[in-house]
>>> print(open('coords-v8.txt').read())   # compact mmCIF, C-alpha atoms
# COMPACT_ATOMS: atom_id res chain seq x y z
CA MET A 1 32.36 -6.97 -15.12
CA VAL A 2 29.29 -8.41 -16.84
CA LYS A 3 27.15 -5.95 -18.72
CA VAL A 4 23.78 -6.63 -17.04
CA SER A 5 22.72 -8.30 -13.81
CA VAL A 6 19.22 -9.74 -14.05
CA VAL A 7 17.55 -10.19 -10.65
CA ILE A 8 14.48 -12.46 -10.50
CA PRO A 9 12.55 -13.06 -7.25
CA VAL A 10 10.67 -16.36 -7.52
CA TYR A 11 7.71 -17.59 -5.50
CA ASN A 12 5.36 -20.39 -6.59
CA VAL A 13 5.31 -19.63 -10.31
CA GLU A 14 5.93 -23.09 -11.73
CA ASP A 15 3.31 -22.53 -14.45
CA PHE A 16 5.08 -19.47 -15.85
CA LEU A 17 8.72 -19.77 -14.79
CA ASN A 18 10.02 -21.65 -17.84
CA GLU A 19 8.69 -19.02 -20.22
CA CYS A 20 10.17 -16.27 -18.09
CA LEU A 21 13.61 -17.89 -17.84
CA ASP A 22 13.67 -18.76 -21.55
CA SER A 23 13.15 -15.07 -22.32
CA ILE A 24 16.25 -14.28 -20.23
CA VAL A 25 18.69 -17.07 -21.18
CA ASN A 26 18.01 -16.47 -24.87
CA GLN A 27 18.70 -12.74 -24.77
CA THR A 28 20.76 -11.49 -27.72
CA LEU A 29 22.99 -9.84 -25.10
CA GLU A 30 24.82 -12.87 -23.71
CA ASP A 31 27.14 -11.10 -21.26
CA ILE A 32 24.72 -11.18 -18.35
CA GLU A 33 24.39 -12.79 -14.94
CA ILE A 34 21.05 -14.22 -13.82
CA ILE A 35 20.39 -14.04 -10.08
CA CYS A 36 17.29 -15.95 -8.98
CA ILE A 37 16.04 -15.73 -5.41
CA ASN A 38 13.75 -18.59 -4.48
CA ASP A 39 11.52 -16.97 -1.87
CA GLY A 40 10.42 -20.12 -0.04
CA SER A 41 8.48 -21.62 -2.95
CA THR A 42 6.38 -24.66 -2.06
CA ASP A 43 5.75 -25.77 -5.66
CA ASN A 44 8.24 -26.96 -8.30
CA SER A 45 9.84 -23.54 -8.85
CA LEU A 46 13.15 -24.35 -7.14
CA ASN A 47 13.60 -27.55 -9.17
CA ILE A 48 13.01 -25.57 -12.36
CA LEU A 49 15.64 -23.01 -11.30
CA ASN A 50 18.16 -25.73 -10.53
CA GLU A 51 17.57 -27.36 -13.93
CA TYR A 52 18.42 -24.09 -15.68
CA ALA A 53 21.42 -23.47 -13.43
CA GLN A 54 22.87 -26.89 -14.28
CA LYS A 55 22.84 -26.01 -17.97
CA ASP A 56 23.88 -22.35 -17.76
CA ASP A 57 26.74 -21.11 -15.55
CA ARG A 58 25.41 -17.55 -15.71
CA PHE A 59 22.84 -18.53 -13.07
CA THR A 60 23.15 -17.91 -9.35
CA ILE A 61 20.39 -19.45 -7.22
CA LEU A 62 19.74 -18.20 -3.70
CA SER A 63 17.06 -19.84 -1.54
CA GLN A 64 15.54 -18.16 1.49
CA GLU A 65 12.53 -18.46 3.75
CA ASN A 66 9.49 -16.69 2.36
CA GLY A 67 9.94 -12.99 3.00
CA GLY A 68 8.10 -11.41 0.09
CA HIS A 69 9.01 -9.72 -3.17
CA ALA A 70 10.87 -6.82 -1.56
CA VAL A 71 13.14 -8.98 0.61
CA ALA A 72 13.96 -11.26 -2.32
CA THR A 73 14.68 -8.36 -4.70
CA ASN A 74 16.82 -6.48 -2.18
CA ASN A 75 18.86 -9.64 -1.50
CA GLY A 76 19.28 -10.19 -5.22
CA MET A 77 20.50 -6.64 -5.77
CA LYS A 78 23.14 -7.15 -3.07
CA LEU A 79 24.61 -9.99 -5.13
CA ALA A 80 24.55 -8.09 -8.43
CA LYS A 81 27.93 -7.18 -9.94
CA GLY A 82 26.91 -6.07 -13.42
CA GLU A 83 27.38 -2.66 -14.97
CA TYR A 84 23.61 -2.36 -15.32
CA LEU A 85 20.74 -3.85 -13.37
CA TYR A 86 17.49 -5.34 -14.61
CA LEU A 87 14.73 -6.38 -12.18
CA MET A 88 12.54 -9.08 -13.71
CA ASP A 89 9.23 -10.55 -12.54
CA SER A 90 9.16 -14.34 -12.65
CA ASP A 91 5.75 -14.67 -14.28
CA ASP A 92 6.37 -12.25 -17.15
CA ILE A 93 8.25 -12.25 -20.46
CA LEU A 94 11.09 -10.06 -21.77
CA SER A 95 11.64 -9.54 -25.49
CA LEU A 96 14.84 -11.30 -26.59
CA ASN A 97 16.48 -8.08 -27.81
CA ALA A 98 15.51 -6.02 -24.76
CA LEU A 99 18.74 -6.10 -22.78
CA GLU A 100 20.97 -5.57 -25.82
CA ASP A 101 18.92 -2.64 -27.10
CA THR A 102 18.53 -0.86 -23.77
CA TYR A 103 22.16 -1.49 -22.81
CA LYS A 104 23.32 0.19 -26.04
CA VAL A 105 21.03 3.17 -25.39
CA ALA A 106 22.21 3.45 -21.79
CA LYS A 107 25.87 3.40 -22.81
CA GLU A 108 25.48 5.79 -25.74
CA LYS A 109 23.59 8.36 -23.67
CA ASP A 110 25.38 7.72 -20.37
CA VAL A 111 22.17 7.63 -18.34
CA ASP A 112 21.19 6.52 -14.85
CA PHE A 113 18.33 4.52 -16.29
CA VAL A 114 16.39 3.79 -19.47
CA ILE A 115 12.58 3.63 -19.58
CA PHE A 116 10.85 1.44 -22.15
CA GLN A 117 7.33 0.28 -23.01
CA SER A 118 5.35 -2.81 -22.05
CA THR A 119 2.35 -4.79 -23.27
CA ASN A 120 -0.40 -6.29 -21.11
CA TYR A 121 -1.26 -9.95 -21.60
CA TYR A 122 -4.64 -10.92 -20.12
CA MET A 123 -4.64 -14.67 -19.62
CA ASP A 124 -8.39 -14.98 -19.05
CA THR A 125 -9.18 -13.64 -22.52
CA ASN A 126 -5.86 -14.42 -24.25
CA GLU A 127 -5.56 -10.77 -25.33
CA TYR A 128 -2.47 -8.61 -25.79
CA ILE A 129 -3.34 -4.95 -25.21
CA LYS A 130 -1.13 -1.87 -25.20
CA LYS A 131 -2.45 0.54 -22.57
CA GLU A 132 -1.29 4.07 -21.87
CA ASN A 133 -0.12 3.34 -18.31
CA TYR A 134 2.61 1.03 -19.67
CA SER A 135 2.99 2.67 -23.09
CA MET A 136 3.64 6.13 -21.63
CA ASN A 137 3.16 7.72 -25.03
CA ARG A 138 2.53 11.19 -23.59
CA LEU A 139 5.95 11.17 -21.98
CA ALA A 140 7.54 9.64 -25.08
CA ASP A 141 6.05 12.34 -27.31
CA PHE A 142 7.34 15.06 -24.98
CA VAL A 143 10.92 13.89 -24.42
CA GLY A 144 11.65 12.25 -27.77
CA ASP A 145 15.18 10.86 -27.71
CA LYS A 146 16.51 13.53 -25.33
CA VAL A 147 18.18 12.95 -21.97
CA PHE A 148 16.17 14.41 -19.09
CA ASN A 149 15.54 14.33 -15.36
CA TRP A 150 12.42 14.83 -13.27
CA LYS A 151 12.72 18.61 -13.36
CA ASP A 152 12.36 18.53 -17.15
CA ILE A 153 9.13 16.50 -17.07
CA LYS A 154 7.19 17.92 -14.12
CA ASP A 155 3.87 17.69 -15.98
CA TYR A 156 4.54 14.04 -16.83
CA ILE A 157 6.11 12.40 -13.76
CA PHE A 158 2.80 10.82 -12.75
CA THR A 159 2.38 9.29 -16.21
CA ILE A 160 5.43 7.05 -15.73
CA THR A 161 4.70 3.53 -14.59
CA VAL A 162 6.43 2.80 -11.27
CA THR A 163 7.21 -0.79 -12.27
CA PRO A 164 10.96 -1.63 -12.14
CA TRP A 165 10.76 -4.11 -15.03
CA SER A 166 10.17 -1.28 -17.53
CA LYS A 167 13.59 0.20 -16.78
CA LEU A 168 17.25 -0.70 -17.12
CA TYR A 169 19.25 0.87 -14.27
CA ASN A 170 22.88 1.76 -13.88
CA ARG A 171 23.74 -0.46 -10.89
CA GLU A 172 26.17 1.95 -9.21
CA PHE A 173 23.59 4.71 -9.51
CA VAL A 174 20.99 2.58 -7.70
CA GLU A 175 23.47 1.75 -4.95
CA LYS A 176 24.42 5.39 -4.45
CA SER A 177 20.76 6.45 -4.40
CA GLY A 178 20.12 4.09 -1.50
CA ALA A 179 16.84 3.01 -3.11
CA LYS A 180 15.40 -0.20 -1.64
CA PHE A 181 12.08 -1.97 -1.79
CA PRO A 182 10.22 -1.60 1.54
CA GLU A 183 10.11 -5.10 2.97
CA GLY A 184 7.01 -6.96 4.10
CA LEU A 185 4.65 -4.93 1.89
CA ILE A 186 3.12 -5.30 -1.55
CA PHE A 187 2.96 -2.35 -3.96
CA ASP A 188 6.59 -1.85 -2.85
CA ASP A 189 7.76 -0.66 -6.28
CA ASN A 190 6.04 2.71 -5.70
CA VAL A 191 8.61 3.72 -3.08
CA PHE A 192 11.61 2.41 -5.05
CA PHE A 193 10.52 4.27 -8.18
CA TRP A 194 10.25 7.71 -6.59
CA GLU A 195 13.63 7.28 -4.89
CA VAL A 196 15.38 6.53 -8.18
CA LEU A 197 13.45 9.14 -10.16
CA PHE A 198 14.35 12.01 -7.83
CA SER A 199 17.96 10.78 -7.51
CA ALA A 200 18.56 10.45 -11.26
CA LYS A 201 20.30 13.20 -13.18
CA ARG A 202 20.17 11.53 -16.60
CA ILE A 203 17.22 9.47 -17.91
CA THR A 204 16.14 8.54 -21.41
CA PHE A 205 13.08 6.94 -23.01
CA HIS A 206 13.48 4.05 -25.45
CA ARG A 207 10.29 3.85 -27.49
CA ASP A 208 9.82 0.12 -27.97
CA TYR A 209 7.57 -2.54 -26.42
CA LEU A 210 10.09 -4.90 -24.85
CA PHE A 211 8.18 -6.48 -21.97
CA THR A 212 4.96 -8.48 -21.64
CA ARG A 213 3.11 -8.17 -18.34
CA ARG A 214 1.01 -11.20 -17.50
CA TRP A 215 -2.32 -10.48 -15.79
CA TYR A 216 -4.16 -13.20 -13.90
CA SER A 217 -6.53 -13.22 -10.93
CA SER A 218 -4.18 -14.74 -8.33
CA SER A 219 -1.28 -12.28 -8.80
CA SER A 220 -0.46 -10.33 -5.64
CA THR A 221 -1.59 -6.94 -6.93
CA LYS A 222 -4.94 -8.31 -8.14
CA ALA A 223 -5.71 -10.91 -5.47
CA GLY A 224 -7.73 -8.53 -3.30
CA ASP A 225 -6.51 -10.23 -0.13
CA LYS A 226 -5.55 -8.81 3.25
CA ARG A 227 -2.27 -7.48 1.85
CA PHE A 228 -4.19 -4.73 0.05
CA ILE A 229 -4.10 -2.90 3.37
CA ASP A 230 -0.37 -2.36 2.67
CA SER A 231 -1.30 0.28 0.11
CA LEU A 232 -2.20 2.70 2.92
CA THR A 233 1.29 2.38 4.40
CA ILE A 234 2.94 2.51 1.00
CA TYR A 235 1.27 5.80 0.11
CA ASN A 236 2.45 7.33 3.38
CA MET A 237 5.96 6.22 2.42
CA VAL A 238 5.59 7.81 -1.01
CA TRP A 239 4.74 11.11 0.69
CA ASP A 240 7.90 10.70 2.79
CA VAL A 241 10.03 10.30 -0.34
CA PHE A 242 8.60 13.51 -1.83
CA LYS A 243 9.30 15.33 1.43
CA LYS A 244 12.84 13.90 1.55
CA TYR A 245 13.65 15.40 -1.85
CA GLY A 246 11.87 18.70 -1.20
CA THR A 247 9.26 18.10 -3.90
CA PHE A 248 6.16 17.59 -1.77
CA ASP A 249 4.83 21.14 -1.88
CA GLU A 250 5.19 21.33 -5.64
CA PHE A 251 3.08 18.22 -6.18
CA LYS A 252 0.93 18.28 -3.06
CA VAL A 253 -2.45 18.73 -4.76
CA TYR A 254 -1.94 15.60 -6.83
CA LEU A 255 -0.54 13.69 -3.83
CA TYR A 256 -3.44 14.74 -1.59
CA ASN A 257 -6.08 13.64 -4.04
CA THR A 258 -4.31 10.47 -5.07
CA LYS A 259 -4.02 9.38 -1.43
CA VAL A 260 -7.80 9.42 -1.06
CA LYS A 261 -8.44 8.05 -4.54
CA VAL A 262 -6.09 5.08 -4.09
CA ALA A 263 -7.35 4.37 -0.58
CA HIS A 264 -10.90 4.04 -1.87
CA MET A 265 -9.84 2.15 -5.00
CA ARG A 266 -8.12 -0.54 -2.93
CA PHE A 267 -11.14 -0.69 -0.62
CA SER A 268 -13.41 -1.29 -3.59
CA LYS A 269 -11.21 -4.15 -4.86
CA ILE A 270 -10.40 -5.96 -1.63
CA LYS A 271 -12.39 -9.12 -0.94
CA GLU A 272 -15.56 -8.72 1.09
CA GLU A 273 -14.12 -10.67 4.03
CA PHE A 274 -11.39 -8.05 4.49
CA LYS A 275 -13.42 -4.89 3.82
CA GLU A 276 -14.15 -4.09 7.47
CA LEU A 277 -10.52 -4.52 8.47
CA TYR A 278 -9.42 -2.35 5.53
CA PHE A 279 -12.02 0.26 6.44
CA GLU A 280 -10.75 0.44 10.03
CA GLU A 281 -7.18 0.90 8.83
CA MET A 282 -8.26 3.52 6.31
CA LYS A 283 -10.18 5.40 9.00
CA GLN A 284 -7.16 5.33 11.32
CA ASN A 285 -4.93 6.50 8.48
CA PHE A 286 -7.25 9.42 7.75
CA SER A 287 -7.61 10.18 11.44
CA ASN A 288 -3.83 10.48 11.78
CA LEU A 289 -3.86 12.91 8.90
CA ARG A 290 -6.59 15.00 10.52
CA ASN A 291 -4.23 15.52 13.45
CA ASP A 292 -1.37 16.54 11.18
CA SER A 293 -0.32 20.17 10.71
CA ILE A 294 -0.96 19.92 6.95
CA PHE A 295 -4.56 18.77 7.36
CA GLU A 296 -6.23 22.10 6.55
CA ASP A 297 -4.16 22.45 3.39
CA PHE A 298 -4.90 18.84 2.49
CA TYR A 299 -8.64 19.20 3.00
CA ILE A 300 -9.16 22.40 1.01
CA ASN A 301 -7.20 20.99 -1.93
CA LEU A 302 -9.33 17.87 -2.32
CA ILE A 303 -11.74 17.73 -5.22
CA ASP A 304 -15.39 17.42 -4.25
CA ARG A 305 -15.68 13.63 -4.50
CA HIS A 306 -12.45 12.97 -2.62
CA ARG A 307 -13.47 15.38 0.14
CA ASN A 308 -16.74 13.51 0.49
CA ILE A 309 -14.95 10.16 0.55
CA PHE A 310 -12.76 11.46 3.37
CA ASP A 311 -15.79 12.73 5.31
CA PHE A 312 -17.77 9.52 4.75
CA VAL A 313 -14.90 7.43 6.09
CA MET A 314 -14.50 9.60 9.16
CA ASN A 315 -18.24 9.76 9.87
CA SER A 316 -19.15 6.10 9.30
CA GLU A 317 -19.23 3.39 11.93
CA ASN A 318 -18.37 0.55 9.58
CA HIS A 319 -17.56 -0.28 5.98
CA MET A 320 -21.20 -0.92 5.03
CA GLU A 321 -22.30 2.51 6.21
CA TYR A 322 -19.40 4.08 4.33
CA SER A 323 -20.28 2.20 1.14
CA LEU A 324 -23.93 3.21 1.34
CA LYS A 325 -23.07 6.87 1.88
CA LEU A 326 -20.73 6.94 -1.09
CA GLU A 327 -23.17 5.02 -3.27
CA ASN A 328 -25.92 7.50 -2.41
CA TYR A 329 -23.59 10.43 -3.12
CA ASP A 330 -22.64 9.00 -6.52
CA LEU A 331 -26.31 8.41 -7.41
CA ILE A 332 -27.19 12.00 -6.54
CA LYS A 333 -24.30 13.28 -8.65
CA LYS A 334 -25.35 11.04 -11.52
CA ASN A 335 -28.96 12.27 -11.33
CA LYS A 336 -27.80 15.88 -11.29
CA LYS A 337 -25.72 15.23 -14.38
CA LEU A 338 -28.67 13.57 -16.12
CA ASN A 339 -30.95 16.48 -15.19
CA LYS A 340 -28.39 18.93 -16.48
CA ASN A 341 -28.13 17.01 -19.74
CA ASN A 342 -31.93 16.91 -20.04
CA LYS A 343 -32.18 20.66 -19.51
CA GLU A 344 -29.53 21.28 -22.15
CA LEU A 345 -31.36 18.97 -24.55
CA THR A 346 -34.66 20.75 -23.85
CA LYS A 347 -33.02 24.11 -24.57
CA LYS A 348 -31.65 22.81 -27.86
CA LEU A 349 -35.08 21.48 -28.88
CA LYS A 350 -36.75 24.78 -28.05
CA LYS A 351 -34.11 26.66 -29.99
CA GLN A 352 -34.57 24.38 -33.01
CA LYS A 353 -38.35 24.71 -32.80
CA LYS A 354 -38.01 28.50 -32.77
CA ILE A 355 -35.78 28.39 -35.85
CA ASN A 356 -38.26 26.14 -37.64
CA ASN A 357 -41.18 28.45 -36.82
CA GLU A 358 -39.26 31.48 -38.02
CA LEU A 359 -38.43 29.69 -41.25
CA LEU A 360 -42.06 28.63 -41.84
CA ASN A 361 -43.31 32.17 -41.28
CA SER A 362 -40.64 33.84 -43.39
CA ASN A 363 -41.49 35.60 -46.68
CA SER A 364 -39.06 33.43 -48.63
CA TRP A 365 -40.82 30.28 -47.44
CA LYS A 366 -44.24 31.70 -48.40
CA LEU A 367 -43.04 32.88 -51.83
CA THR A 368 -41.58 29.49 -52.71
CA LYS A 369 -44.68 27.54 -51.71
CA PRO A 370 -46.08 27.24 -55.32
CA PHE A 371 -42.76 25.89 -56.58
CA ARG A 372 -42.63 23.30 -53.80
CA SER A 373 -46.14 22.16 -54.79
CA ILE A 374 -45.05 21.68 -58.42
CA THR A 375 -41.95 19.80 -57.36
CA ASN A 376 -43.91 17.47 -55.09
CA ARG A 377 -46.41 16.76 -57.91
CA PHE A 378 -43.67 15.32 -60.16
CA ARG A 379 -42.07 13.12 -57.49
>>> encode(input="coords-v8.txt", output="structure tokens")
Amino acid sequence: MVKVSVVIPVYNVEDFLNECLDSIVNQTLEDIEIICINDGSTDNSLNILNEYAQKDDRFTILSQENGGHAVATNNGMKLAKGEYLYLMDSDDILSLNALEDTYKVAKEKDVDFVIFQSTNYYMDTNEYIKKENYSMNRLADFVGDKVFNWKDIKDYIFTITVTPWSKLYNREFVEKSGAKFPEGLIFDDNVFFWEVLFSAKRITFHRDYLFTRRWYSSSSTKAGDKRFIDSLTIYNMVWDVFKKYGTFDEFKVYLYNTKVKVAHMRFSKIKEEFKELYFEEMKQNFSNLRNDSIFEDFYINLIDRHRNIFDFVMNSENHMEYSLKLENYDLIKKNKKLNKNNKELTKKLKKQKKINNELLNSNSWKLTKPFRSITNRFR
């Protein structure tokens, strides 16, 4: 049995694929298999894969009609035979020591999966930036080098990035958990993550930046195209996972508010040509919730802004009306905050003026006046 199966779904990434594959074939851990699923690429990606496979017998290349990231990844996992499983993105880069280091940690601590840190690479500005969402320093500080499960980190579970490429999984554990990527949708890693997190009994954190995430405008999660509507379905599926494992009630306040927050966030980032369609789907999604038995509990647990977002969606005829209502609401809130700050500043000025007047009228100030005059004369 090979030590690690690396699964790489590939779709039209000819500009980045060589760098990705080089970071895998040159791993210091050589006992690996590399399973690449060509997801109907129309560029030179398949030729690049075949070139690598001709030189390295650790490669397995599977070609399929375009079905999306989830279909490709699920098919790749079916072929995996390694002791551990690593799910790689074909436009990113893995540190050459990553698989060896995380494999050693996984074996030594006998865990279901290892979490590690990642760096963001922004192509437009050629910057490498370590951000908290992929650094997860709060979690790292809390758990140290201990083995834990979700029950041990309840205050930190939402600080873990859901991305599969920041983890090394025990393959048999993943199979037994039944975790799959929901097919035909983007943002699919959200569902997979919560399945494996709640299934895992033993997890550890390896504090090292071993992965570089490439950010560019045409990537699926930044494109702002029609697929952004998938996020509404995905978040419903996330709720279902929490309910499946009996954890929904414990985390419901966060889940309620995040549902509305994410729905609006995706609306704000989707391209203008798809905003009305997204708005209609969002309104239907919220309408279904209003008819659910949990609606009252949901509504009273929303923070003020999220409750207003929900109401604006439900009471608007189209996306432009919704946007105007929310913009007006935010302006009012901003003005109130400014007025509050101005009032506090005015109070501070009045207080300081009073202190100054008291000082000027004090006996000590009057008694020292001659000395101040002498001092000023010699300046």
>>> closest_residue(input="coords-v8.txt", among="A:Ala80, A:Met320, A:Ala140, A:Cys20", to="Met1 in chain A", atoms="all atoms listed in the file")
A:Ala80
>>> residues_around(input="coords-v8.txt", residues="range 267-280 of chain A", least_positions_apart="6", cutoff="9 Å", atoms="only C-alpha atoms", output="list in words")
Lys222, Ala223, Gly224, Asp225, Lys226, Arg227, Phe228, Ile229, Val313, Asn318, His319, Met320 and Tyr322 of chain A
>>> closest_residue(input="coords-v8.txt", among="A:Phe251, A:Phe205, A:Trp150, A:Phe211", to="Thr119 in chain A", atoms="all atoms listed in the file")
A:Phe211
>>> atom_distance(input="coords-v8.txt", atom1="CA of Phe242 in chain A", atom2="CA of Phe113 in chain A")
19.6 Å
>>> residues_around(input="coords-v8.txt", residues="range 40-45 of chain A", least_positions_apart="2", cutoff="7 Å", atoms="only C-alpha atoms", output="ChimeraX atom specification")
/A:11-14,38,47-49,63-66
>>> closest_residue(input="coords-v8.txt", among="A:Lys180, A:Lys244, A:Lys259, A:His69", to="Phe286 in chain A", atoms="only C-alpha atoms")
A:Lys259
>>> residues_around(input="coords-v8.txt", residues="Leu87 in chain A", least_positions_apart="5", cutoff="10 Å", atoms="all atoms listed in the file", output="PDB file with C-alpha atoms, in the coordinates of the input")
ATOM      1  CA  SER A   5      22.720  -8.300 -13.810  1.00  0.00           C
ATOM      2  CA  VAL A   6      19.220  -9.740 -14.050  1.00  0.00           C
ATOM      3  CA  VAL A   7      17.550 -10.190 -10.650  1.00  0.00           C
ATOM      4  CA  ILE A   8      14.480 -12.460 -10.500  1.00  0.00           C
ATOM      5  CA  PRO A   9      12.550 -13.060  -7.250  1.00  0.00           C
ATOM      6  CA  ILE A  35      20.390 -14.040 -10.080  1.00  0.00           C
ATOM      7  CA  THR A  73      14.680  -8.360  -4.700  1.00  0.00           C
ATOM      8  CA  GLY A  76      19.280 -10.190  -5.220  1.00  0.00           C
ATOM      9  CA  MET A  77      20.500  -6.640  -5.770  1.00  0.00           C
ATOM     10  CA  THR A 163       7.210  -0.790 -12.270  1.00  0.00           C
ATOM     11  CA  PRO A 164      10.960  -1.630 -12.140  1.00  0.00           C
ATOM     12  CA  TRP A 165      10.760  -4.110 -15.030  1.00  0.00           C
ATOM     13  CA  SER A 166      10.170  -1.280 -17.530  1.00  0.00           C
ATOM     14  CA  LYS A 167      13.590   0.200 -16.780  1.00  0.00           C
ATOM     15  CA  LEU A 168      17.250  -0.700 -17.120  1.00  0.00           C
ATOM     16  CA  TYR A 169      19.250   0.870 -14.270  1.00  0.00           C
TER      17      TYR A 169
END
